[in-house]
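Q: The following file, work-v5.txt, comprises compact mmCIF, C-alpha atoms:
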# COMPACT_ATOMS: atom_id res chain seq x y z
CA MET S 1 0.00 0.00 0.00
CA GLU S 2 2.86 2.41 0.79
CA ASN S 3 4.37 1.96 -2.67
CA TYR S 4 0.97 2.47 -4.26
CA LEU S 5 0.46 5.73 -2.36
CA LEU S 6 3.88 6.94 -3.52
CA GLU S 7 2.95 6.15 -7.12
CA LEU S 8 -0.37 7.94 -6.70
CA GLY S 9 1.41 10.99 -5.26
CA ASN S 10 3.84 10.87 -8.17
CA LEU S 11 0.97 10.87 -10.68
CA LEU S 12 -0.94 13.73 -9.06
CA LEU S 13 2.16 15.91 -8.55
CA ARG S 14 3.30 15.32 -12.11
CA TRP S 15 -0.14 16.23 -13.44
CA LEU S 16 -0.21 19.43 -11.40
CA HIS S 17 3.35 20.28 -12.44
CA VAL S 18 2.64 19.87 -16.15
CA ILE S 19 -0.60 21.89 -15.98
CA ALA S 20 1.03 24.72 -13.99
CA ALA S 21 4.05 24.75 -16.32
CA ILE S 22 1.85 24.94 -19.43
CA ALA S 23 -0.04 27.89 -17.92
CA TRP S 24 3.12 29.72 -16.80
CA ILE S 25 5.15 29.16 -19.96
CA GLY S 26 2.18 29.92 -22.18
CA GLU S 27 1.53 33.21 -20.41
CA SER S 28 5.22 34.11 -20.47
CA ILE S 29 5.52 33.45 -24.20
CA TYR S 30 2.31 35.39 -24.84
CA PHE S 31 3.51 38.49 -22.99
CA VAL S 32 6.89 38.45 -24.76
CA MET S 33 5.01 38.27 -28.07
CA LEU S 34 2.70 41.07 -26.96
CA ASP S 35 5.56 43.29 -25.80
CA ASN S 36 7.45 42.87 -29.07
CA SER S 37 4.38 43.28 -31.31
CA LEU S 38 3.26 46.69 -30.05
CA SER S 39 2.72 49.41 -32.62
CA PRO S 40 3.87 52.97 -31.81
CA PRO S 41 1.01 55.20 -30.60
CA SER S 42 -0.18 58.38 -32.24
CA ALA S 43 1.29 61.66 -31.01
CA ALA S 44 -1.87 62.41 -29.03
CA ASP S 45 -1.88 58.98 -27.37
CA ALA S 46 1.84 59.24 -26.62
CA ARG S 47 1.22 62.51 -24.78
CA ARG S 48 -1.20 60.77 -22.45
CA GLY S 49 1.38 58.09 -21.64
CA LEU S 50 0.58 55.31 -24.11
CA HIS S 51 3.74 53.37 -24.97
CA GLY S 52 2.30 51.04 -27.61
CA GLU S 53 -0.75 49.02 -28.61
CA MET S 54 -1.73 45.86 -30.44
CA PHE S 55 -4.97 44.85 -32.14
CA ALA S 56 -5.71 41.12 -32.28
CA VAL S 57 -8.43 38.64 -33.16
CA HIS S 58 -8.89 35.32 -31.40
CA GLY S 59 -11.73 32.94 -30.68
CA GLY S 60 -14.27 34.99 -32.58
CA GLY S 61 -13.51 38.22 -30.73
CA PHE S 62 -11.35 41.30 -31.21
CA TYR S 63 -8.86 42.64 -28.67
CA HIS S 64 -7.14 45.97 -28.17
CA ASN S 65 -4.09 45.74 -25.88
CA GLN S 66 -2.37 48.92 -24.65
CA LYS S 67 0.84 49.35 -22.69
CA TYR S 68 1.63 52.29 -20.38
CA LEU S 69 5.03 52.83 -18.79
CA GLY S 70 3.79 55.51 -16.40
CA GLN S 71 0.41 56.43 -14.93
CA PRO S 72 -2.34 54.75 -17.00
CA PRO S 73 -5.68 56.53 -17.56
CA PHE S 74 -7.49 54.12 -15.25
CA PRO S 75 -7.30 53.39 -11.52
CA LEU S 76 -4.90 50.68 -10.28
CA ASP S 77 -7.34 48.80 -8.06
CA ASP S 78 -8.19 45.19 -7.25
CA LYS S 79 -9.02 44.54 -10.91
CA LEU S 80 -5.32 44.69 -11.75
CA HIS S 81 -4.19 41.23 -12.86
CA TRP S 82 -0.91 39.88 -11.45
CA SER S 83 1.05 36.99 -12.96
CA PHE S 84 2.92 35.03 -10.34
CA TRP S 85 0.95 32.08 -8.93
CA LYS S 86 1.50 30.01 -12.06
CA SER S 87 5.25 30.41 -11.57
CA TYR S 88 5.14 29.49 -7.89
CA ALA S 89 2.83 26.52 -8.47
CA THR S 90 5.15 25.20 -11.20
CA TRP S 91 8.25 25.40 -9.02
CA LEU S 92 6.62 24.05 -5.84
CA SER S 93 5.02 21.08 -7.63
CA GLY S 94 8.28 20.42 -9.49
CA PHE S 95 10.34 20.47 -6.31
CA GLY S 96 7.78 18.22 -4.62
CA LEU S 97 8.03 15.76 -7.49
CA PHE S 98 11.83 15.91 -7.46
CA SER S 99 11.83 15.29 -3.70
CA LEU S 100 9.44 12.35 -3.95
CA LEU S 101 11.27 10.65 -6.80
CA TYR S 102 14.92 11.61 -6.29
CA LEU S 103 15.71 13.15 -2.89
CA PHE S 104 13.82 10.47 -0.93
CA ASN S 105 15.52 7.74 -3.01
CA ALA S 106 18.88 9.44 -3.45
CA SER S 107 21.03 6.32 -3.08
CA PHE S 108 18.99 4.75 -5.87
CA TYR S 109 18.56 7.65 -8.32
CA LEU S 110 21.24 10.24 -7.51
CA VAL S 111 24.42 8.48 -6.42
CA ASN S 112 26.75 7.84 -9.35
CA SER S 113 29.01 4.99 -8.25
CA GLY S 114 30.75 5.16 -11.63
CA SER S 115 31.65 8.86 -11.34
CA PRO S 116 35.21 9.73 -12.46
CA TRP S 117 35.42 11.86 -9.31
CA ALA S 118 36.24 9.48 -6.46
CA TRP S 119 34.54 11.61 -3.79
CA ALA S 120 31.33 11.71 -5.83
CA ALA S 121 31.35 7.95 -6.38
CA ALA S 122 31.65 7.45 -2.60
CA LEU S 123 28.70 9.71 -1.66
CA SER S 124 25.92 8.36 0.52
CA GLY S 125 22.32 8.91 -0.47
CA GLY S 126 21.87 11.67 2.10
CA GLN S 127 25.00 13.48 0.96
CA ALA S 128 23.92 13.30 -2.68
CA ALA S 129 20.49 14.72 -1.76
CA VAL S 130 22.10 17.65 0.08
CA ILE S 131 24.39 18.39 -2.87
CA ALA S 132 21.49 18.20 -5.33
CA THR S 133 19.52 20.71 -3.26
CA THR S 134 22.62 22.91 -2.99
CA PHE S 135 22.83 22.95 -6.79
CA LEU S 136 19.39 24.60 -6.93
CA LEU S 137 20.15 27.22 -4.29
CA GLY S 138 23.74 27.82 -5.41
CA GLY S 139 22.72 28.07 -9.06
CA TRP S 140 20.22 30.82 -8.26
CA LEU S 141 22.66 32.75 -6.05
CA ALA S 142 25.41 32.57 -8.69
CA TYR S 143 23.03 33.65 -11.47
CA ASP S 144 21.63 36.49 -9.36
CA GLN S 145 25.11 37.77 -8.53
CA LEU S 146 26.04 37.77 -12.22
CA CYS S 147 22.99 39.93 -12.97
CA ARG S 148 23.75 42.30 -10.08
CA ARG S 149 27.45 42.73 -10.88
CA ILE S 150 27.67 42.59 -14.68
CA SER S 151 24.56 44.51 -15.72
CA PRO S 152 22.95 46.18 -12.69
CA ASP S 153 21.59 49.04 -14.83
CA MET S 154 20.71 46.79 -17.80
CA ASN S 155 23.42 48.38 -19.96
CA ARG S 156 25.62 45.28 -20.41
CA ASP S 157 23.06 42.57 -21.05
CA GLY S 158 25.12 41.06 -23.89
CA ALA S 159 28.04 40.35 -21.57
CA LEU S 160 25.59 39.09 -18.95
CA SER S 161 24.03 36.63 -21.41
CA LEU S 162 27.45 35.17 -22.16
CA ALA S 163 28.24 34.85 -18.44
CA VAL S 164 24.91 33.10 -17.79
CA ALA S 165 25.58 30.68 -20.67
CA LEU S 166 28.99 29.83 -19.17
CA LEU S 167 27.39 29.33 -15.75
CA MET S 168 24.86 26.86 -17.15
CA THR S 169 27.66 25.04 -19.01
CA LEU S 170 29.47 24.64 -15.68
CA VAL S 171 26.29 23.37 -14.03
CA ALA S 172 25.75 20.85 -16.84
CA TYR S 173 29.33 19.57 -16.62
CA ALA S 174 29.48 19.35 -12.82
CA SER S 175 26.08 17.69 -12.46
CA SER S 176 26.91 15.06 -15.09
CA GLN S 177 30.09 14.14 -13.20
CA ILE S 178 28.50 13.99 -9.75
CA PHE S 179 25.06 12.46 -10.37
CA GLN S 180 23.60 9.69 -12.49
CA GLY S 181 22.86 10.80 -16.04
CA ARG S 182 19.09 11.13 -15.82
CA ALA S 183 19.32 13.01 -12.52
CA ALA S 184 22.04 15.31 -13.92
CA PHE S 185 19.75 16.43 -16.75
CA LEU S 186 16.85 17.05 -14.38
CA ILE S 187 19.02 18.94 -11.87
CA THR S 188 20.41 21.20 -14.60
CA GLY S 189 16.85 21.92 -15.75
CA ALA S 190 15.77 22.48 -12.14
CA VAL S 191 18.58 25.03 -11.65
CA MET S 192 17.29 27.01 -14.63
CA ALA S 193 13.67 26.65 -13.49
CA THR S 194 14.65 27.83 -9.99
CA CYS S 195 16.26 30.93 -11.49
CA MET S 196 13.08 31.58 -13.50
CA SER S 197 10.72 31.32 -10.54
CA ALA S 198 13.09 33.20 -8.22
CA ASN S 199 13.24 36.02 -10.79
CA VAL S 200 9.47 36.34 -10.44
CA LEU S 201 9.53 36.11 -6.62
CA PHE S 202 12.48 38.38 -5.84
CA TRP S 203 12.64 40.83 -8.74
CA ILE S 204 9.70 41.02 -11.13
CA ILE S 205 6.78 41.08 -8.68
CA PRO S 206 8.45 43.24 -5.96
CA GLY S 207 9.47 45.79 -8.62
CA GLN S 208 5.96 45.87 -10.02
CA ARG S 209 4.48 46.34 -6.53
CA ARG S 210 6.80 49.31 -5.90
CA MET S 211 5.71 50.83 -9.22
CA VAL S 212 2.02 50.43 -8.34
CA ARG S 213 2.51 51.96 -4.88
CA ALA S 214 4.37 54.93 -6.38
CA ILE S 215 1.61 55.56 -8.95
CA GLN S 216 -1.11 55.27 -6.31
CA ALA S 217 0.80 57.78 -4.15
CA GLY S 218 1.07 60.19 -7.08
CA ASP S 219 4.82 59.69 -7.41
CA LYS S 220 6.86 58.76 -10.47
CA PRO S 221 7.89 55.07 -10.48
CA ASN S 222 11.59 54.21 -10.44
CA PRO S 223 12.37 53.29 -14.08
CA LEU S 224 14.95 50.74 -12.87
CA ASP S 225 12.15 48.61 -11.44
CA GLY S 226 10.61 48.28 -14.88
CA LEU S 227 13.96 47.69 -16.56
CA ARG S 228 15.04 45.03 -14.05
CA GLY S 229 11.70 43.28 -14.37
CA LYS S 230 12.03 43.28 -18.16
CA GLN S 231 15.61 41.96 -17.96
CA ARG S 232 14.66 39.00 -15.76
CA SER S 233 11.54 38.31 -17.81
CA VAL S 234 13.62 38.16 -20.99
CA HIS S 235 16.03 35.72 -19.30
CA ASN S 236 13.06 33.55 -18.36
CA THR S 237 11.85 33.33 -21.95
CA TYR S 238 15.28 32.13 -23.14
CA PHE S 239 15.39 29.51 -20.39
CA THR S 240 12.00 28.13 -21.42
CA LEU S 241 12.85 25.80 -24.33
CA PRO S 242 16.01 24.35 -22.70
CA VAL S 243 14.11 23.66 -19.46
CA VAL S 244 11.31 21.85 -21.30
CA PHE S 245 13.88 19.64 -23.06
CA LEU S 246 15.75 18.86 -19.83
CA MET S 247 12.52 17.90 -18.09
CA ILE S 248 11.52 15.39 -20.79
CA SER S 249 15.04 14.07 -21.43
CA ASN S 250 14.69 11.24 -18.89
CA HIS S 251 12.64 9.35 -21.49
CA TYR S 252 15.63 9.18 -23.88
CA SER S 253 18.63 7.31 -22.54
CA PHE S 254 20.80 8.10 -25.58
CA THR S 255 21.07 11.66 -24.17
CA TYR S 256 21.79 11.17 -20.47
CA GLY S 257 23.49 7.78 -20.92
CA ASN S 258 26.10 9.13 -23.34
CA ARG S 259 29.69 9.71 -22.20
CA HIS S 260 29.37 13.24 -23.61
CA ALA S 261 26.10 13.87 -21.74
CA TRP S 262 27.16 17.29 -20.43
CA LEU S 263 28.01 18.48 -23.95
CA ILE S 264 24.68 17.18 -25.26
CA MET S 265 22.99 19.24 -22.52
CA VAL S 266 24.91 22.38 -23.48
CA LEU S 267 24.14 21.98 -27.20
CA PHE S 268 20.44 21.56 -26.49
CA ILE S 269 20.45 24.63 -24.21
CA LEU S 270 22.16 26.78 -26.85
CA SER S 271 19.90 25.46 -29.60
CA GLY S 272 16.77 26.22 -27.57
CA ALA S 273 17.98 29.75 -26.83
CA LEU S 274 18.74 30.43 -30.51
CA ILE S 275 15.36 29.16 -31.66
CA ARG S 276 13.58 31.20 -28.99
CA GLN S 277 15.55 34.30 -30.06
CA TYR S 278 14.27 33.86 -33.60
CA PHE S 279 10.65 34.02 -32.44
CA VAL S 280 11.30 36.93 -30.06
CA LEU S 281 12.75 38.97 -32.95
CA ARG S 282 10.06 37.82 -35.36
CA HIS S 283 7.37 39.29 -33.11
CA SER S 284 8.94 42.72 -33.61
CA GLY S 285 9.06 42.28 -37.40
CA ARG S 286 12.70 41.21 -37.68
CA LYS S 287 13.29 37.87 -39.39
CA ARG S 288 16.62 36.15 -38.75
CA PRO S 289 16.40 32.67 -40.36
CA LEU S 290 20.07 32.12 -39.54
CA LEU S 291 19.13 31.68 -35.86
CA PRO S 292 16.93 28.57 -36.24
CA ALA S 293 19.38 27.28 -38.87
CA LEU S 294 22.20 27.48 -36.31
CA GLY S 295 19.92 25.84 -33.74
CA GLY S 296 19.25 23.04 -36.22
CA LEU S 297 22.98 22.57 -36.80
CA LEU S 298 23.54 22.24 -33.06
CA LEU S 299 20.79 19.60 -32.90
CA ALA S 300 22.42 17.80 -35.82
CA GLY S 301 25.64 17.87 -33.79
CA VAL S 302 23.75 16.24 -30.91
CA GLY S 303 22.52 13.55 -33.29
CA LEU S 304 26.06 12.78 -34.41
CA LEU S 305 27.46 12.91 -30.89
CA ALA S 306 24.83 10.57 -29.45
CA ALA S 307 24.75 8.12 -32.35
CA PRO S 308 25.82 4.54 -31.54
CA PRO S 309 29.02 3.32 -33.19
CA PRO S 310 28.55 1.45 -36.46
CA PRO S 311 28.46 -2.35 -36.15
CA THR S 312 31.70 -4.18 -36.77
CA ILE S 313 31.54 -6.28 -39.94
CA ALA S 314 33.44 -9.52 -39.67
CA PRO S 315 35.59 -10.57 -42.67
CA THR S 316 34.00 -13.06 -45.04
CA ALA S 317 34.81 -16.62 -44.06
CA PRO S 318 35.66 -19.40 -46.51
CA GLN S 319 32.62 -21.39 -47.64
CA ALA S 320 33.46 -24.42 -45.49
CA ALA S 321 33.77 -22.27 -42.38
CA ALA S 322 30.57 -20.48 -43.29
CA ASP S 323 28.70 -23.81 -43.61
CA SER S 324 30.04 -24.92 -40.26
CA LEU S 325 29.03 -21.63 -38.67
CA ALA S 326 25.50 -21.92 -40.09
CA ALA S 327 25.14 -25.42 -38.69
CA SER S 328 26.07 -24.32 -35.19
CA THR S 329 24.27 -20.97 -35.18
CA SER S 330 21.01 -22.29 -33.76
CA GLN S 331 22.71 -24.00 -30.81
CA LYS S 332 24.98 -21.03 -30.10
CA THR S 333 22.03 -18.66 -30.24
CA ALA S 334 20.13 -20.80 -27.76
CA ASP S 335 23.14 -20.99 -25.42
CA SER S 336 23.69 -17.24 -25.70
CA LEU S 337 20.07 -16.45 -24.92
CA ARG S 338 20.16 -18.73 -21.86
CA GLN S 339 23.24 -16.89 -20.60
CA ILE S 340 21.67 -13.49 -21.24
CA HIS S 341 18.43 -14.56 -19.59
CA ALA S 342 20.33 -15.72 -16.49
CA ILE S 343 22.16 -12.36 -16.16
CA ILE S 344 18.95 -10.40 -16.58
CA GLN S 345 17.13 -12.57 -14.04
CA ASN S 346 19.88 -11.97 -11.48
CA ARG S 347 20.54 -8.28 -12.15
CA CYS S 348 17.43 -6.71 -13.73
CA LEU S 349 14.29 -8.67 -12.85
CA SER S 350 13.91 -7.24 -9.36
CA CYS S 351 12.65 -4.02 -11.03
CA HIS S 352 11.78 -4.99 -14.61
CA SER S 353 9.11 -7.54 -13.82
CA ALA S 354 5.35 -7.61 -13.93
CA THR S 355 5.57 -7.84 -10.13
CA PRO S 356 8.78 -6.01 -9.05
CA SER S 357 10.42 -7.18 -5.83
CA GLN S 358 12.57 -4.04 -5.45
CA ALA S 359 11.25 -1.74 -2.70
CA GLY S 360 9.68 1.42 -4.06
CA PHE S 361 8.33 -0.08 -7.30
CA VAL S 362 4.75 -1.14 -7.88
CA ALA S 363 5.22 -1.38 -11.66
CA PRO S 364 8.21 -1.98 -13.93
CA PRO S 365 10.12 1.26 -14.83
CA ALA S 366 9.17 2.57 -18.27
CA GLY S 367 6.83 -0.44 -18.58
CA LEU S 368 9.75 -2.73 -19.49
CA LYS S 369 9.20 -6.32 -18.32
CA PHE S 370 11.85 -9.00 -18.82
CA ASP S 371 9.94 -11.97 -17.39
CA ASP S 372 10.27 -14.03 -20.57
CA ALA S 373 12.77 -14.45 -23.40
CA GLN S 374 10.51 -12.80 -26.00
CA GLU S 375 10.39 -9.53 -24.04
CA ILE S 376 14.17 -9.62 -23.70
CA LEU S 377 14.63 -10.10 -27.46
CA ILE S 378 12.22 -7.25 -28.30
CA ASN S 379 14.13 -4.86 -26.03
CA ALA S 380 17.63 -6.12 -26.84
CA HIS S 381 18.92 -2.79 -28.14
CA ARG S 382 17.57 -0.81 -25.17
CA ILE S 383 19.08 -3.30 -22.73
CA LYS S 384 22.48 -3.11 -24.42
CA GLN S 385 22.48 0.67 -24.52
CA ALA S 386 21.47 1.11 -20.86
CA VAL S 387 23.95 -1.48 -19.59
CA ALA S 388 26.87 -0.28 -21.73
CA SER S 389 26.42 3.30 -20.50
CA LYS S 390 26.35 1.98 -16.90
CA TYR S 391 23.07 3.78 -16.31
CA MET S 392 21.49 0.45 -15.46
CA PRO S 393 21.11 -1.16 -13.02
CA LEU S 394 20.35 2.05 -11.11
CA ALA S 395 23.19 2.73 -8.66
CA ASN S 396 24.26 -0.83 -9.56
CA LEU S 397 22.20 -2.09 -6.63
CA THR S 398 22.25 -5.63 -8.00
CA GLN S 399 26.06 -5.57 -8.37
CA MET S 400 26.30 -6.29 -12.09
CA THR S 401 29.92 -7.14 -12.93
CA GLN S 402 31.94 -5.63 -15.74
CA GLU S 403 32.12 -9.05 -17.40
CA GLU S 404 28.32 -9.29 -17.38
CA ARG S 405 28.08 -5.80 -18.90
CA GLU S 406 30.42 -6.81 -21.69
CA ILE S 407 28.41 -9.96 -22.38
CA LEU S 408 25.15 -8.01 -22.60
CA SER S 409 26.72 -5.22 -24.67
CA ALA S 410 28.10 -7.67 -27.23
CA TRP S 411 24.90 -9.68 -27.52
CA GLY S 412 21.67 -9.28 -29.42
CA PRO S 413 20.31 -8.31 -32.81
CA ALA S 414 21.31 -5.08 -34.46
CA PRO S 415 19.17 -2.01 -33.74
CA GLY S 416 15.89 -2.12 -35.57
CA ARG S 417 15.92 -5.89 -36.07
Kindly present the structure from the file in structure tokens form.

A:
Amino acid sequence: MENYLLELGNLLLRWLHVIAAIAWIGESIYFVMLDNSLSPPSAADARRGLHGEMFAVHGGGFYHNQKYLGQPPFPLDDKLHWSFWKSYATWLSGFGLFSLLYLFNASFYLVNSGSPWAWAAALSGGQAAVIATTFLLGGWLAYDQLCRRISPDMNRDGALSLAVALLMTLVAYASSQIFQGRAAFLITGAVMATCMSANVLFWIIPGQRRMVRAIQAGDKPNPLDGLRGKQRSVHNTYFTLPVVFLMISNHYSFTYGNRHAWLIMVLFILSGALIRQYFVLRHSGRKRPLLPALGGLLLAGVGLLAAPPPPTIAPTAPQAAADSLAASTSQKTADSLRQIHAIIQNRCLSCHSATPSQAGFVAPPAGLKFDDAQEILINAHRIKQAVASKYMPLANLTQMTQEEREILSAWGPAPGR
């Protein structure tokens, strides 16, 4: 019953997280589009404080959006809409999900016993959980300090963007060395998501509240509040596509299971930022097709980097040897499958079974069941890939030996067979 309740909590938190994220990201993308699509006002409207406006049609109705930088010609009362709960709900549900799945099972999902850093390989589950949480807090503090020190008046945002990109590269590299591959991708995404939500909590909303209070008091708002809010909001929109990728990456082991996993992360982050930049500029009437083209090239680089090595083709044997090989193939195949089945039963079946015996599982991960030989044959390529990358077994709880890994990696039909 306890495992079932954990699974139920996982489902409900994940559902809430996805819904909140869709609402937050959708609203964020909409407002960036709106801000960059405004038409200049007439001279008369500009004199009364109008900064820009946009006319739109949607859902059978027509809309007229107006933006004011100073005192608008309407009272700022309780009808004023604020955008922040979607951000907070996304982060809180995401952190709850991360805690339930990773922090509470850190020795299983976080600890990377194969880390090239000896101290990381020797971490306990509790230590790994503390370090993972520190990544989120430390990532935000480092990012915030870069913003404060490099471009406090929003006059060096180009240099700041480069510094933030280098920071996220460092996070991607360090996380991939310390944690298991899937966790490293999620933690890197969570660092970026934490920066996004913290921007709303500590900068965007407080600045907007100060502006509203100043207008209500008949004072002129501090223009830096508006500029800082815009700066952090722009950062959030460039984080969006990379974060979405990092959050869905755990379904694709060729990304996090690759020995160049950190570089794959960085290329995806850069590609997402370039593609997002194209749409941001396009909203203001500037078309830069080179940006998505460069993003596509980076994704092509990921494809090449993550591709499995080509199969080794054995030299053609003389006819007599070939006949002998054909005669013994059936028996060798049967013997090989029995050996593979025995390894999988000993090292994998505790989780990947219709009725898992491993604590914490009420269903086989990813729906993969290896109870019979047919299931093993169908998933041969996935088994080989996960075992060769040392991602499976998780934390090597079943103590799979290197010899067994080599046997599994060398066995099985070619991909797609």

Q: Pick from S:Ala183, S:Leu274, S:Ser83, S:Ala132: nearest to Pro206 of chain S, with all atoms listed in the file counted?

A: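 For Pro206 of chain S, the nearest of the given residues is S:Ser83.
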
Q: Pick out the residues sitting within 12 Å of segment 50-59 of chain S, and hand them over as a list in words; count only C-alpha atoms, and ignore anything fewer than 5 positions along from it in its own chain.

A: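 Neighbouring residues, sequence-local ones excluded: Phe31, Met33, Leu34, Asp35, Asn36, Ser37, Leu38, Ser39, Pro40, Pro41, Ser42, Ala43, Ala44, Asp45, His64, Asn65, Gln66, Lys67, Tyr68, Leu69, Gly70, Gln71, Pro72, Pro73, His283 and Ser284 of chain S.
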
Q: I'd like the interatomic distance between atom CA of Pro242 of chain S and atom CA of Gly295 of chain S, to a tenth of an Å.

A: 11.8 Å

Q: Which neighbours of Gly96 of chain S fall inside 10 Å, counting all atoms listed in the file, when residues of the same chain fewer than 3 positions from it are skipped, and could you give them as a PDB file with C-alpha atoms, in the coordinates of the input?

A:
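Contents of the output file part_8.pdb:
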ATOM      1  CA  GLY S   9       1.410  10.990  -5.260  1.00  0.00           C
ATOM      2  CA  ASN S  10       3.840  10.870  -8.170  1.00  0.00           C
ATOM      3  CA  LEU S  13       2.160  15.910  -8.550  1.00  0.00           C
ATOM      4  CA  ARG S  14       3.300  15.320 -12.110  1.00  0.00           C
ATOM      5  CA  HIS S  17       3.350  20.280 -12.440  1.00  0.00           C
ATOM      6  CA  THR S  90       5.150  25.200 -11.200  1.00  0.00           C
ATOM      7  CA  TRP S  91       8.250  25.400  -9.020  1.00  0.00           C
ATOM      8  CA  LEU S  92       6.620  24.050  -5.840  1.00  0.00           C
ATOM      9  CA  SER S  93       5.020  21.080  -7.630  1.00  0.00           C
ATOM     10  CA  SER S  99      11.830  15.290  -3.700  1.00  0.00           C
ATOM     11  CA  LEU S 100       9.440  12.350  -3.950  1.00  0.00           C
ATOM     12  CA  LEU S 101      11.270  10.650  -6.800  1.00  0.00           C
ATOM     13  CA  TYR S 102      14.920  11.610  -6.290  1.00  0.00           C
ATOM     14  CA  LEU S 103      15.710  13.150  -2.890  1.00  0.00           C
TER      15      LEU S 103
END

Q: What is the atom CA of Val191 of chain S to atom CA of Thr133 of chain S distance in Å?

A: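 Computing the Euclidean distance for atom CA of Val191 of chain S and atom CA of Thr133 of chain S yields 9.5 Å.
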
Q: List the neighbours of segment 156-161 of chain S out to 12 Å using only C-alpha atoms; skip same-chain residues closer than 2 positions along the sequence, and give me the result as a VMD selection string.

A: chain S and resid 143 to 154 163 to 168 227 to 228 230 to 232 234 to 236 238 to 239 270 273

Q: Give me the residues within 8 Å of Arg405 of chain S as number ranges by chain, counting all atoms listed in the file and dropping any in the same chain fewer than 4 places off.

A: S: 387-388, 400-401, 409

Q: Write the residues of the selection above to a file with C-alpha atoms, as a JSON list (two decimals), in the coordinates of the input.

A:
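Wrote part.json, looks like this:
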[["chain", "number", "residue", "atom", "x", "y", "z"],
["S", 387, "VAL", "CA", 23.95, -1.48, -19.59],
["S", 388, "ALA", "CA", 26.87, -0.28, -21.73],
["S", 400, "MET", "CA", 26.30, -6.29, -12.09],
["S", 401, "THR", "CA", 29.92, -7.14, -12.93],
["S", 409, "SER", "CA", 26.72, -5.22, -24.67]]

Q: One number please: atom CA of Leu408 of chain S to atom CA of Ser350 of chain S, in Å, one decimal.

A: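 Atom-to-atom, atom CA of Leu408 of chain S and atom CA of Ser350 of chain S are spaced 17.4 Å apart.
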
Q: Identify which of the residues S:Cys348, S:Ala106, S:Leu368, S:Val212 lies closest to Met392 of chain S, counting only C-alpha atoms when measuring atom-to-atom distances.

A: S:Cys348

Q: For Gln358 of chain S, work out the shell of residues within 12 Å, counting only C-alpha atoms and skipping chain neighbours fewer than 4 positions away, then give it as a PyMOL selection string.

A: chain S and resi 3+108+347-354+362-365+393-394+397-398

Q: Any chance you can output those residues with C-alpha atoms as an mmCIF file, in the frame of the given file?

A:
data_model
loop_
_atom_site.group_PDB
_atom_site.id
_atom_site.type_symbol
_atom_site.label_atom_id
_atom_site.label_comp_id
_atom_site.auth_asym_id
_atom_site.auth_seq_id
_atom_site.Cartn_x
_atom_site.Cartn_y
_atom_site.Cartn_z
ATOM 1 C CA ASN S 3 4.370 1.960 -2.670
ATOM 2 C CA PHE S 108 18.990 4.750 -5.870
ATOM 3 C CA ARG S 347 20.540 -8.280 -12.150
ATOM 4 C CA CYS S 348 17.430 -6.710 -13.730
ATOM 5 C CA LEU S 349 14.290 -8.670 -12.850
ATOM 6 C CA SER S 350 13.910 -7.240 -9.360
ATOM 7 C CA CYS S 351 12.650 -4.020 -11.030
ATOM 8 C CA HIS S 352 11.780 -4.990 -14.610
ATOM 9 C CA SER S 353 9.110 -7.540 -13.820
ATOM 10 C CA ALA S 354 5.350 -7.610 -13.930
ATOM 11 C CA VAL S 362 4.750 -1.140 -7.880
ATOM 12 C CA ALA S 363 5.220 -1.380 -11.660
ATOM 13 C CA PRO S 364 8.210 -1.980 -13.930
ATOM 14 C CA PRO S 365 10.120 1.260 -14.830
ATOM 15 C CA PRO S 393 21.110 -1.160 -13.020
ATOM 16 C CA LEU S 394 20.350 2.050 -11.110
ATOM 17 C CA LEU S 397 22.200 -2.090 -6.630
ATOM 18 C CA THR S 398 22.250 -5.630 -8.000
#

Q: Given all atoms listed in the file as the basis, pick out the residue of S:Leu76, S:Arg382, S:Met196, S:Gly49 nearest to Ser28 of chain S.

A: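 Under the stated criterion, the closest residue is S:Met196.
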
Q: Give as a VMD selection string every residue, naming chains and numbers as the document does, that has an atom within 12 Å of (24.5, 7.6, 2.0), counting all atoms listed in the file.

A: chain S and resid 103 to 113 120 to 131 395

Q: Name the closest residue to His341 of chain S among the candidates S:Gln374, S:Thr355, S:Gln402, S:Gln216; distances are taken between atoms, counting all atoms listed in the file.

A: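 Checking each candidate against His341 of chain S, we get S:Gln374 as the closest.
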
Q: Please determine an axis-aligned box that encloses all atoms of segment 278-285 of chain S listed in the file, with 8 Å added on each side, and express its centre and edge lengths in Å to one decimal as JSON.

A:
{"center_x": 10.8, "center_y": 38.3, "center_z": -33.7, "size_x": 22.9, "size_y": 24.9, "size_z": 23.3}

Q: Which residue gives the smallest distance to Ile383 of chain S among S:Trp117, S:Phe268, S:Phe254, S:Trp262, with all atoms listed in the file counted?

A: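 Comparing S:Trp117, S:Phe268, S:Phe254, S:Trp262 against Ile383 of chain S, the winner is S:Phe254.
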
Q: Calculated over only C-alpha atoms, which of the candidates S:Arg276, S:Ile187, S:Gly94, S:Leu80 has the smallest distance to Arg209 of chain S?

A: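 Checking each of S:Arg276, S:Ile187, S:Gly94, S:Leu80 against Arg209 of chain S, counting only C-alpha atoms, the winner is S:Leu80.
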